[in-house]
Protein chains: 2
Amino acid sequence: MTDAAHPAPVTGTTRLYAVLGDPVTQVQSPGLLNPLFAELGIDAVLVPVHVRPVDLADVVRGLQCVGNLDGLFVTVPHKTAAVRLADRHSRTVEITGSANALRREADGAWLAENFDGSGFVAGLTGAGHDPAGRKVALLGAGGAGSAVAAALLTAGVDSLSISDPDGPRLAALVARLTDHWPGRVHAAAEPPLHDSDIAVNATPLGLRPDDPLPFSPRDLAPGCVVADIIMKPRDTPLLREAAALGLRVHHGMHMLTGQVDSYRAFFGLGTPRTADRGDRGPGAGRRVS
Amino acid sequence: MTDAAHPAPVTGTTRLYAVLGDPVTQVQSPGLLNPLFAELGIDAVLVPVHVRPVDLADVVRGLQCVGNLDGLFVTVPHKTAAVRLADRHSRTVEITGSANALRREADGAWLAENFDGSGFVAGLTGAGHDPAGRKVALLGAGGAGSAVAAALLTAGVDSLSISDPDGPRLAALVARLTDHWPGRVHAAAEPPLHDSDIAVNATPLGLRPDDPLPFSPRDLAPGCVVADIIMKPRDTPLLREAAALGLRVHHGMHMLTGQVDSYRAFFGLGTPRTADRGDRGPGAGRRVS
């Protein structure tokens, strides 16, 4: 009845998903998920919600009361704060201290999960840059950086060096990761670029045109892969300079496309829906095992 | 770039409007406004928001913090409660004690307005049933009934009789209306159906299949117009019985279609938008005079 190019109109029966960010105009998830809803014949829409950090708790508490809202996506700068706005969270959220997706459970409680890291690794591997056994330099120990770090370690990187100007935040992340992967994680005041196979920017630097580079690709060895998690602009100054130097580059969009399958499973998209969910249905029949 | 049949996809730049109700699946405004947005080339979407009365204040406070949300529509049963969730309200809201639209003003404050009554009268007049000089029996002194009453009096009805099982609510409405239109409004324990030119159902009776009729059309004089404000089902049991008796009927949808021009003016839809509204723009340049 619908096709990907022409989404179904939003009517009174449409179920809601929201993506929270500050700013929010750059978010790519509505452009990715709404065509998927149309393709799957799901009467749902993912809308952007611009919310400042000071208002996050009020907005989330309000949205969690909305009967036809089935899930929340969370992006910069709310991924860490989102954890405490859920009633439960996954092991990945426990380790990373950040969340990027919340769903309403059958009992009405809210569960927080984080797919940034697994999405990033899925995208990296899909592009031919399997991180297993490699040395990785990661810039940024915030929400996205934490998730990427945990997923890289899960995927079997040989060593992971993490840098962040916020010393206490960096030390806390390295300690949490070391609990699970002893001896493979190191805090680095300066990233060991000359000795890395893959260098990843997980900082917000590059979102704005006048941002400084998160690191200089000139210090990397030839053959190194430079990955950015920033999706817009697609070609960040970092990636442009890396490409100009002949290095292999990996765009931020891969992290999101790598997450789509995870989102489908988490929100039960594409599984049979019960006919009588009604206005108050918390998503019965849409749970994943 | 877009056409009415195929709304533009929702992306990160899309502005939001929400319609709040309990239940909400029956609301018609998204089906009416979203094609209008597409026709006008406006990157905006009106989404249904199901909220229980106990959660209304939390949900509205949260939504009012959302930077890219430009307006709220309010339907049953929240129209009375919505008044106190706005910072300011119009004269119509003052008289009726109910609101069905809220917008963010240039200074960030929220203004409540009520278009139910003017929309109902515009629809009634457009269908050839000008109420000026007529005797009208109105059932329901709630939010919608109050708005319809004030608009009918503004339109010049000769006399208006209002019935409602909630005695104090009815008396309070009649007193407020009498302040503005002395001698033309009467509270009636039983509606004077035999002596009315137009009988209006402004109660929720008819929303559910097993509701009793709000009044019996058998008691009306031939030639009487029977109007319902319920939009879904289109043909309520009341209108079906009235039509079977040969009376003229007026469907609830007319009240909404009569409001579209008012909404356009209130929310500044179709007027030039400033290019730099950005994420935090409260709707600058979209004010009506």
# chains A, B, ... in the order shown; residues from 1 in each chain; ligands from 1
call {"tool": "closest_atom_pairs", "arguments": {"of": "chain A", "to": "chain B", "cutoff": "9 Å", "atoms": "only C-alpha atoms", "output": "tab-separated table"}}
result
residue	atom	partner	partner_atom	distance
A:Ala5	CA	B:Pro9	CA	8.3
A:His6	CA	B:His6	CA	5.8
A:Pro7	CA	B:Pro9	CA	6.4
A:Ala8	CA	B:His6	CA	7.7
A:Pro9	CA	B:Pro7	CA	6.5
A:Val10	CA	B:Pro30	CA	6.3
A:Thr11	CA	B:Pro30	CA	5.0
A:Gly12	CA	B:Thr25	CA	4.3
A:Thr13	CA	B:Thr25	CA	4.5
A:Thr14	CA	B:Pro48	CA	7.0
A:Arg15	CA	B:Pro48	CA	8.1
A:Leu16	CA	B:Val47	CA	7.9
A:Val19	CA	B:Gly12	CA	8.8
A:Asp22	CA	B:Asp279	CA	8.1
A:Pro23	CA	B:Asp279	CA	6.3
A:Val24	CA	B:Gly12	CA	6.0
A:Thr25	CA	B:Gly12	CA	4.3
A:Gln26	CA	B:Gly12	CA	5.7
A:Val27	CA	B:Gly12	CA	5.0
A:Gln28	CA	B:Gly12	CA	6.6
A:Ser29	CA	B:Thr11	CA	7.9
A:Pro30	CA	B:Thr11	CA	5.0
A:Gly31	CA	B:Thr11	CA	5.2
A:Leu32	CA	B:Thr11	CA	8.8
A:Asn34	CA	B:Val10	CA	7.2
A:Pro35	CA	B:Pro9	CA	8.0
A:Val45	CA	B:Val10	CA	7.8
A:Leu46	CA	B:Val10	CA	7.4
A:Val47	CA	B:Val10	CA	6.6
A:Pro48	CA	B:Gly12	CA	5.3
A:Val49	CA	B:Val66	CA	6.2
A:His50	CA	B:Gly67	CA	5.0
A:Val51	CA	B:Val66	CA	5.3
A:Arg52	CA	B:Gly67	CA	8.0
A:Asp55	CA	B:Cys65	CA	6.4
A:Leu56	CA	B:Gly62	CA	8.6
A:Ala57	CA	B:Gly62	CA	8.5
A:Asp58	CA	B:Gly62	CA	5.1
A:Val59	CA	B:Gly62	CA	4.0
A:Val60	CA	B:Gly62	CA	7.3
A:Arg61	CA	B:Asp58	CA	7.3
A:Gly62	CA	B:Val59	CA	4.0
A:Leu63	CA	B:Val59	CA	6.3
A:Gln64	CA	B:Val59	CA	8.5
A:Cys65	CA	B:Asp55	CA	6.4
A:Val66	CA	B:Val51	CA	5.2
A:Gly67	CA	B:His50	CA	5.0
A:Asn68	CA	B:His50	CA	5.7
A:Leu69	CA	B:Val49	CA	7.8
A:Gly278	CA	B:Thr25	CA	8.1
A:Asp279	CA	B:Pro23	CA	6.3
A:Arg280	CA	B:His50	CA	8.0
call {"tool": "write_last_selection", "arguments": {"atoms": "N, CA and C atoms", "output": "compact mmCIF listing (two decimals), in the first residue's frame"}}
result
# COMPACT_ATOMS: atom_id res chain seq x y z
N ALA A 5 9.56 5.49 -1.32
CA ALA A 5 9.70 6.87 -1.80
C ALA A 5 8.56 7.73 -1.29
N HIS A 6 7.41 7.14 -1.03
CA HIS A 6 6.24 7.89 -0.63
C HIS A 6 5.69 7.33 0.67
N PRO A 7 6.14 7.85 1.81
CA PRO A 7 5.66 7.33 3.09
C PRO A 7 4.16 7.52 3.23
N ALA A 8 3.54 6.63 4.03
CA ALA A 8 2.11 6.75 4.30
C ALA A 8 1.86 8.04 5.08
N PRO A 9 0.72 8.67 4.89
CA PRO A 9 0.43 9.88 5.65
C PRO A 9 0.27 9.57 7.13
N VAL A 10 0.63 10.53 7.97
CA VAL A 10 0.45 10.41 9.41
C VAL A 10 -1.02 10.70 9.73
N THR A 11 -1.67 9.77 10.43
CA THR A 11 -3.07 9.94 10.83
C THR A 11 -3.20 9.68 12.33
N GLY A 12 -4.44 9.64 12.81
CA GLY A 12 -4.66 9.44 14.24
C GLY A 12 -4.17 8.10 14.75
N THR A 13 -4.03 7.11 13.88
CA THR A 13 -3.62 5.77 14.31
C THR A 13 -2.11 5.58 14.29
N THR A 14 -1.36 6.56 13.82
CA THR A 14 0.08 6.40 13.64
C THR A 14 0.79 6.28 14.99
N ARG A 15 1.68 5.29 15.12
CA ARG A 15 2.51 5.13 16.31
C ARG A 15 3.74 6.03 16.18
N LEU A 16 4.29 6.44 17.32
CA LEU A 16 5.36 7.44 17.32
C LEU A 16 6.68 6.89 17.84
N VAL A 19 13.45 11.04 18.07
CA VAL A 19 14.90 11.10 18.26
C VAL A 19 15.23 12.45 18.90
N ASP A 22 20.39 17.91 20.43
CA ASP A 22 20.58 19.36 20.53
C ASP A 22 21.93 19.69 19.92
N PRO A 23 21.98 20.13 18.66
CA PRO A 23 20.84 20.37 17.76
C PRO A 23 20.23 19.06 17.25
N VAL A 24 19.20 19.22 16.44
CA VAL A 24 18.55 18.00 15.94
C VAL A 24 18.38 18.00 14.42
N THR A 25 18.56 19.16 13.80
CA THR A 25 18.27 19.21 12.35
C THR A 25 19.19 18.29 11.55
N GLN A 26 20.35 17.93 12.12
CA GLN A 26 21.31 17.11 11.39
C GLN A 26 21.04 15.61 11.50
N VAL A 27 20.08 15.19 12.31
CA VAL A 27 19.92 13.75 12.57
C VAL A 27 19.50 13.01 11.30
N GLN A 28 20.08 11.85 11.11
CA GLN A 28 19.84 11.07 9.90
C GLN A 28 18.84 9.94 10.12
N SER A 29 18.54 9.62 11.38
CA SER A 29 17.70 8.45 11.63
C SER A 29 16.29 8.56 11.06
N PRO A 30 15.62 9.74 11.08
CA PRO A 30 14.30 9.77 10.45
C PRO A 30 14.35 9.44 8.95
N GLY A 31 15.37 9.96 8.27
CA GLY A 31 15.49 9.68 6.85
C GLY A 31 15.80 8.23 6.55
N LEU A 32 16.29 7.50 7.56
CA LEU A 32 16.62 6.09 7.39
C LEU A 32 15.48 5.19 7.84
N ASN A 34 12.10 6.12 8.55
CA ASN A 34 10.75 6.34 8.00
C ASN A 34 10.53 5.60 6.68
N PRO A 35 11.50 5.58 5.77
CA PRO A 35 11.32 4.73 4.58
C PRO A 35 11.20 3.25 4.94
N VAL A 45 5.90 6.73 12.66
CA VAL A 45 6.77 7.79 12.17
C VAL A 45 7.80 8.11 13.24
N LEU A 46 9.04 8.35 12.81
CA LEU A 46 10.11 8.80 13.71
C LEU A 46 10.29 10.30 13.49
N VAL A 47 10.05 11.09 14.55
CA VAL A 47 10.13 12.54 14.42
C VAL A 47 11.33 13.08 15.19
N PRO A 48 11.93 14.17 14.68
CA PRO A 48 13.03 14.81 15.40
C PRO A 48 12.48 15.65 16.55
N VAL A 49 13.14 15.61 17.69
CA VAL A 49 12.73 16.39 18.86
C VAL A 49 13.94 17.15 19.37
N HIS A 50 13.88 18.47 19.22
CA HIS A 50 14.99 19.31 19.67
C HIS A 50 14.81 19.64 21.14
N VAL A 51 15.74 19.18 21.97
CA VAL A 51 15.61 19.43 23.41
C VAL A 51 16.98 19.79 23.98
N ARG A 52 17.00 20.85 24.77
CA ARG A 52 18.23 21.28 25.43
C ARG A 52 18.51 20.38 26.63
N ASP A 55 16.38 20.66 29.69
CA ASP A 55 14.97 20.23 29.58
C ASP A 55 14.83 18.72 29.36
N LEU A 56 15.95 18.00 29.26
CA LEU A 56 15.87 16.60 28.83
C LEU A 56 14.96 15.76 29.72
N ALA A 57 15.15 15.87 31.03
CA ALA A 57 14.37 15.03 31.94
C ALA A 57 12.87 15.31 31.79
N ASP A 58 12.49 16.59 31.72
CA ASP A 58 11.07 16.92 31.57
C ASP A 58 10.50 16.39 30.26
N VAL A 59 11.26 16.54 29.19
CA VAL A 59 10.76 16.10 27.88
C VAL A 59 10.62 14.57 27.85
N VAL A 60 11.63 13.87 28.36
CA VAL A 60 11.57 12.41 28.34
C VAL A 60 10.45 11.90 29.24
N ARG A 61 10.32 12.46 30.44
CA ARG A 61 9.23 12.04 31.33
C ARG A 61 7.88 12.26 30.65
N GLY A 62 7.73 13.38 29.96
CA GLY A 62 6.48 13.63 29.25
C GLY A 62 6.26 12.62 28.13
N LEU A 63 7.28 12.39 27.33
CA LEU A 63 7.12 11.47 26.20
C LEU A 63 6.86 10.04 26.69
N GLN A 64 7.45 9.68 27.83
CA GLN A 64 7.23 8.32 28.35
C GLN A 64 5.78 8.10 28.79
N CYS A 65 5.05 9.18 28.99
CA CYS A 65 3.61 9.07 29.32
C CYS A 65 2.74 8.96 28.08
N VAL A 66 3.30 9.15 26.91
CA VAL A 66 2.50 9.17 25.68
C VAL A 66 2.18 7.74 25.26
N GLY A 67 0.89 7.42 25.21
CA GLY A 67 0.47 6.04 25.01
C GLY A 67 0.83 5.46 23.67
N ASN A 68 0.90 6.28 22.63
CA ASN A 68 1.21 5.75 21.30
C ASN A 68 2.66 5.99 20.90
N LEU A 69 3.51 6.26 21.89
CA LEU A 69 4.94 6.39 21.62
C LEU A 69 5.64 5.10 22.04
N GLY A 278 -4.64 -1.08 20.41
CA GLY A 278 -5.41 0.06 20.88
C GLY A 278 -4.52 1.22 21.27
N ASP A 279 -5.12 2.20 21.90
CA ASP A 279 -4.39 3.41 22.26
C ASP A 279 -3.36 3.17 23.35
N ARG A 280 -3.67 2.25 24.25
CA ARG A 280 -2.81 2.11 25.42
C ARG A 280 -1.78 1.02 25.27
call {"tool": "select_by_dssp", "arguments": {"residues": "stretch 97-235 of chain B", "states": "strand (DSSP E or B)", "output": "list in words"}}
result
Ala101, Leu102, Arg103, Arg104, Trp110, Leu111, Ala112, Glu113, Lys135, Val136, Ala137, Leu138, Leu139, Ser159, Leu160, Ser161, Ile162, Ser163, Val185, His186, Ala187, Ile198, Ala199, Val200, Asn201, Val225, Val226, Ala227 and Asp228 of chain B
call {"tool": "residues_around", "arguments": {"residues": "stretch 146-161 of chain B", "least_positions_apart": "5", "cutoff": "10 Å", "atoms": "only C-alpha atoms", "output": "count of residues only"}}
result
56
call {"tool": "select_by_dssp", "arguments": {"residues": "stretch 126-270 of chain B", "states": "alpha helix (DSSP H)", "output": "VMD selection string"}}
result
chain B and resid 126 143 to 154 167 to 180 237 to 244 253 to 257 260 to 267
call {"tool": "residues_around", "arguments": {"residues": "B:Ser216", "least_positions_apart": "3", "cutoff": "9 Å", "atoms": "only C-alpha atoms", "output": "ChimeraX atom specification"}}
result
/B:193,213,219-220,238,241-242
call {"tool": "write_last_selection", "arguments": {"atoms": "all heavy atoms", "output": "compact mmCIF listing (two decimals), in the first residue's frame"}}
result
# COMPACT_ATOMS: atom_id res chain seq x y z
N LEU B 193 -36.82 20.33 22.64
CA LEU B 193 -36.61 19.84 21.27
C LEU B 193 -37.76 20.25 20.35
O LEU B 193 -37.55 20.58 19.18
CB LEU B 193 -36.43 18.32 21.28
CG LEU B 193 -35.20 17.84 22.08
CD1 LEU B 193 -35.18 16.31 22.12
CD2 LEU B 193 -33.90 18.35 21.47
N LEU B 213 -28.28 7.51 22.89
CA LEU B 213 -28.42 8.75 22.14
C LEU B 213 -28.36 9.93 23.10
O LEU B 213 -28.87 9.85 24.22
CB LEU B 213 -29.77 8.78 21.39
CG LEU B 213 -29.97 7.76 20.26
CD1 LEU B 213 -31.33 8.01 19.60
CD2 LEU B 213 -28.86 7.85 19.23
N ASP B 219 -38.44 13.68 19.06
CA ASP B 219 -39.13 14.79 19.71
C ASP B 219 -38.96 16.12 18.97
O ASP B 219 -39.49 17.14 19.42
CB ASP B 219 -38.60 14.94 21.14
CG ASP B 219 -38.88 13.69 21.97
OD1 ASP B 219 -39.88 13.01 21.68
OD2 ASP B 219 -38.08 13.40 22.87
N LEU B 220 -38.20 16.11 17.88
CA LEU B 220 -37.95 17.35 17.14
C LEU B 220 -39.07 17.63 16.16
O LEU B 220 -39.76 16.72 15.68
CB LEU B 220 -36.63 17.25 16.39
CG LEU B 220 -35.37 17.17 17.26
CD1 LEU B 220 -34.19 16.68 16.43
CD2 LEU B 220 -35.06 18.52 17.88
N LEU B 238 -27.17 8.99 16.40
CA LEU B 238 -28.08 10.15 16.41
C LEU B 238 -28.39 10.62 14.99
O LEU B 238 -29.56 10.83 14.64
CB LEU B 238 -27.42 11.29 17.21
CG LEU B 238 -28.17 12.63 17.17
CD1 LEU B 238 -29.49 12.53 17.93
CD2 LEU B 238 -27.30 13.76 17.74
N GLU B 241 -30.50 8.07 13.02
CA GLU B 241 -31.92 8.07 13.36
C GLU B 241 -32.60 9.34 12.85
O GLU B 241 -33.74 9.30 12.35
CB GLU B 241 -32.11 7.92 14.88
CG GLU B 241 -33.58 7.91 15.27
CD GLU B 241 -33.83 7.34 16.67
OE1 GLU B 241 -32.99 6.54 17.15
OE2 GLU B 241 -34.86 7.69 17.26
N ALA B 242 -31.91 10.48 12.96
CA ALA B 242 -32.48 11.73 12.48
C ALA B 242 -32.74 11.67 10.97
O ALA B 242 -33.79 12.09 10.48
CB ALA B 242 -31.55 12.90 12.82
call {"tool": "residues_around", "arguments": {"residues": "B:Gly206", "least_positions_apart": "4", "cutoff": "7 Å", "atoms": "only C-alpha atoms", "output": "VMD selection string"}}
result
chain B and resid 211 213 236 to 237
call {"tool": "residues_around", "arguments": {"residues": "B:Leu239", "least_positions_apart": "2", "cutoff": "12 Å", "atoms": "only C-alpha atoms", "output": "JSON, numbers by chain"}}
result
{"B": [199, 200, 201, 205, 206, 213, 214, 215, 216, 217, 218, 225, 226, 227, 228, 229, 230, 231, 232, 233, 234, 235, 236, 237, 241, 242, 243, 244, 245, 246, 247, 248, 249, 250, 251, 252]}
call {"tool": "write_last_selection", "arguments": {"atoms": "N, CA, C and O atoms", "output": "tab-separated table (two decimals), in the first residue's frame"}}
result
chain	number	residue	atom	x	y	z
B	199	ALA	N	-30.79	21.43	16.59
B	199	ALA	CA	-30.39	20.70	17.81
B	199	ALA	C	-28.98	20.18	17.60
B	199	ALA	O	-28.69	19.56	16.58
B	200	VAL	N	-28.12	20.47	18.59
B	200	VAL	CA	-26.70	20.17	18.44
B	200	VAL	C	-26.23	19.24	19.54
B	200	VAL	O	-26.43	19.52	20.72
B	201	ASN	N	-25.61	18.11	19.16
B	201	ASN	CA	-24.95	17.27	20.15
B	201	ASN	C	-23.49	17.69	20.31
B	201	ASN	O	-22.69	17.54	19.39
B	205	LEU	N	-21.33	11.46	23.54
B	205	LEU	CA	-22.20	10.31	23.27
B	205	LEU	C	-22.32	10.07	21.77
B	205	LEU	O	-22.77	10.95	21.03
B	206	GLY	N	-21.91	8.89	21.36
B	206	GLY	CA	-21.88	8.55	19.95
B	206	GLY	C	-20.49	8.14	19.49
B	206	GLY	O	-20.31	7.56	18.43
B	213	LEU	N	-28.28	7.51	22.89
B	213	LEU	CA	-28.42	8.75	22.14
B	213	LEU	C	-28.36	9.93	23.10
B	213	LEU	O	-28.87	9.85	24.22
B	214	PRO	N	-27.75	11.06	22.69
B	214	PRO	CA	-27.74	12.24	23.57
B	214	PRO	C	-29.14	12.83	23.74
B	214	PRO	O	-29.45	13.43	24.76
B	215	PHE	N	-30.00	12.66	22.73
B	215	PHE	CA	-31.41	13.05	22.82
B	215	PHE	C	-32.15	12.28	21.73
B	215	PHE	O	-31.52	11.71	20.83
B	216	SER	N	-33.49	12.27	21.82
B	216	SER	CA	-34.25	11.52	20.82
B	216	SER	C	-34.69	12.44	19.68
B	216	SER	O	-35.47	13.38	19.91
B	217	PRO	N	-34.27	12.20	18.47
B	217	PRO	CA	-34.69	13.04	17.35
B	217	PRO	C	-36.19	12.98	17.10
B	217	PRO	O	-36.74	13.84	16.41
B	218	ARG	N	-36.86	11.95	17.67
B	218	ARG	CA	-38.31	11.82	17.48
B	218	ARG	C	-39.08	13.00	18.08
B	218	ARG	O	-40.22	13.26	17.71
B	225	VAL	N	-32.81	20.95	11.99
B	225	VAL	CA	-31.47	20.49	11.63
B	225	VAL	C	-30.85	19.81	12.85
B	225	VAL	O	-30.85	20.39	13.94
B	226	VAL	N	-30.35	18.59	12.66
B	226	VAL	CA	-29.66	17.88	13.73
B	226	VAL	C	-28.17	17.87	13.43
B	226	VAL	O	-27.75	17.31	12.40
B	227	ALA	N	-27.38	18.48	14.31
B	227	ALA	CA	-25.95	18.58	14.09
B	227	ALA	C	-25.20	17.80	15.17
B	227	ALA	O	-25.59	17.81	16.33
B	228	ASP	N	-24.16	17.11	14.75
B	228	ASP	CA	-23.31	16.38	15.70
B	228	ASP	C	-21.90	16.93	15.56
B	228	ASP	O	-21.47	17.29	14.47
B	229	ILE	N	-21.17	17.00	16.69
B	229	ILE	CA	-19.77	17.43	16.58
B	229	ILE	C	-18.84	16.24	16.53
B	229	ILE	O	-17.64	16.40	16.36
B	230	ILE	N	-19.37	15.02	16.70
B	230	ILE	CA	-18.52	13.83	16.64
B	230	ILE	C	-18.14	13.55	15.18
B	230	ILE	O	-19.00	13.57	14.29
B	231	MET	N	-16.86	13.35	14.95
B	231	MET	CA	-16.38	13.19	13.58
B	231	MET	C	-16.26	11.73	13.17
B	231	MET	O	-16.29	11.41	11.99
B	232	LYS	N	-16.03	10.88	14.17
B	232	LYS	CA	-15.81	9.47	13.86
B	232	LYS	C	-16.53	8.64	14.90
B	232	LYS	O	-16.16	8.74	16.06
B	233	PRO	N	-17.55	7.89	14.59
B	233	PRO	CA	-18.01	7.62	13.22
B	233	PRO	C	-18.67	8.84	12.58
B	233	PRO	O	-19.22	9.68	13.28
B	234	ARG	N	-18.58	8.92	11.25
B	234	ARG	CA	-19.18	10.04	10.53
B	234	ARG	C	-20.69	10.05	10.78
B	234	ARG	O	-21.27	11.09	11.09
B	235	ASP	N	-21.32	8.88	10.60
B	235	ASP	CA	-22.77	8.79	10.83
B	235	ASP	C	-23.01	8.19	12.20
B	235	ASP	O	-23.04	6.97	12.37
B	236	THR	N	-23.15	9.07	13.19
B	236	THR	CA	-23.42	8.61	14.56
B	236	THR	C	-24.83	8.03	14.60
B	236	THR	O	-25.67	8.33	13.74
B	237	PRO	N	-25.14	7.22	15.62
B	237	PRO	CA	-26.52	6.72	15.78
B	237	PRO	C	-27.53	7.86	15.78
B	237	PRO	O	-28.61	7.74	15.21
B	241	GLU	N	-30.50	8.07	13.02
B	241	GLU	CA	-31.92	8.07	13.36
B	241	GLU	C	-32.60	9.34	12.85
B	241	GLU	O	-33.74	9.30	12.35
B	242	ALA	N	-31.91	10.48	12.96
B	242	ALA	CA	-32.48	11.73	12.48
B	242	ALA	C	-32.74	11.67	10.97
B	242	ALA	O	-33.79	12.09	10.48
B	243	ALA	N	-31.76	11.13	10.24
B	243	ALA	CA	-31.92	11.03	8.79
B	243	ALA	C	-33.08	10.10	8.44
B	243	ALA	O	-33.86	10.37	7.52
B	244	ALA	N	-33.20	9.00	9.21
B	244	ALA	CA	-34.28	8.05	8.96
B	244	ALA	C	-35.65	8.70	9.18
B	244	ALA	O	-36.65	8.31	8.58
B	245	LEU	N	-35.67	9.73	10.06
B	245	LEU	CA	-36.93	10.44	10.34
B	245	LEU	C	-37.18	11.57	9.34
B	245	LEU	O	-38.17	12.30	9.46
B	246	GLY	N	-36.25	11.75	8.39
B	246	GLY	CA	-36.42	12.79	7.39
B	246	GLY	C	-35.92	14.16	7.80
B	246	GLY	O	-36.16	15.15	7.12
B	247	LEU	N	-35.22	14.21	8.95
B	247	LEU	CA	-34.66	15.49	9.39
B	247	LEU	C	-33.36	15.78	8.64
B	247	LEU	O	-32.69	14.87	8.16
B	248	ARG	N	-33.01	17.06	8.59
B	248	ARG	CA	-31.73	17.41	7.97
B	248	ARG	C	-30.60	17.17	8.97
B	248	ARG	O	-30.75	17.50	10.15
B	249	VAL	N	-29.49	16.59	8.49
B	249	VAL	CA	-28.40	16.28	9.41
B	249	VAL	C	-27.13	17.04	8.98
B	249	VAL	O	-26.96	17.35	7.80
B	250	HIS	N	-26.28	17.31	9.97
B	250	HIS	CA	-25.05	18.07	9.75
B	250	HIS	C	-23.92	17.33	10.46
B	250	HIS	O	-23.94	17.18	11.68
B	251	HIS	N	-22.95	16.86	9.68
B	251	HIS	CA	-21.91	15.97	10.22
B	251	HIS	C	-20.82	16.72	10.99
B	251	HIS	O	-20.53	17.89	10.72
B	252	GLY	N	-20.19	16.01	11.91
B	252	GLY	CA	-19.16	16.59	12.76
B	252	GLY	C	-17.96	17.10	12.01
B	252	GLY	O	-17.31	18.07	12.42
call {"tool": "closest_residue", "arguments": {"among": "B:Met253, B:Gly142, B:Gly167, B:Phe267", "to": "B:Val76", "atoms": "only C-alpha atoms"}}
result
B:Gly142
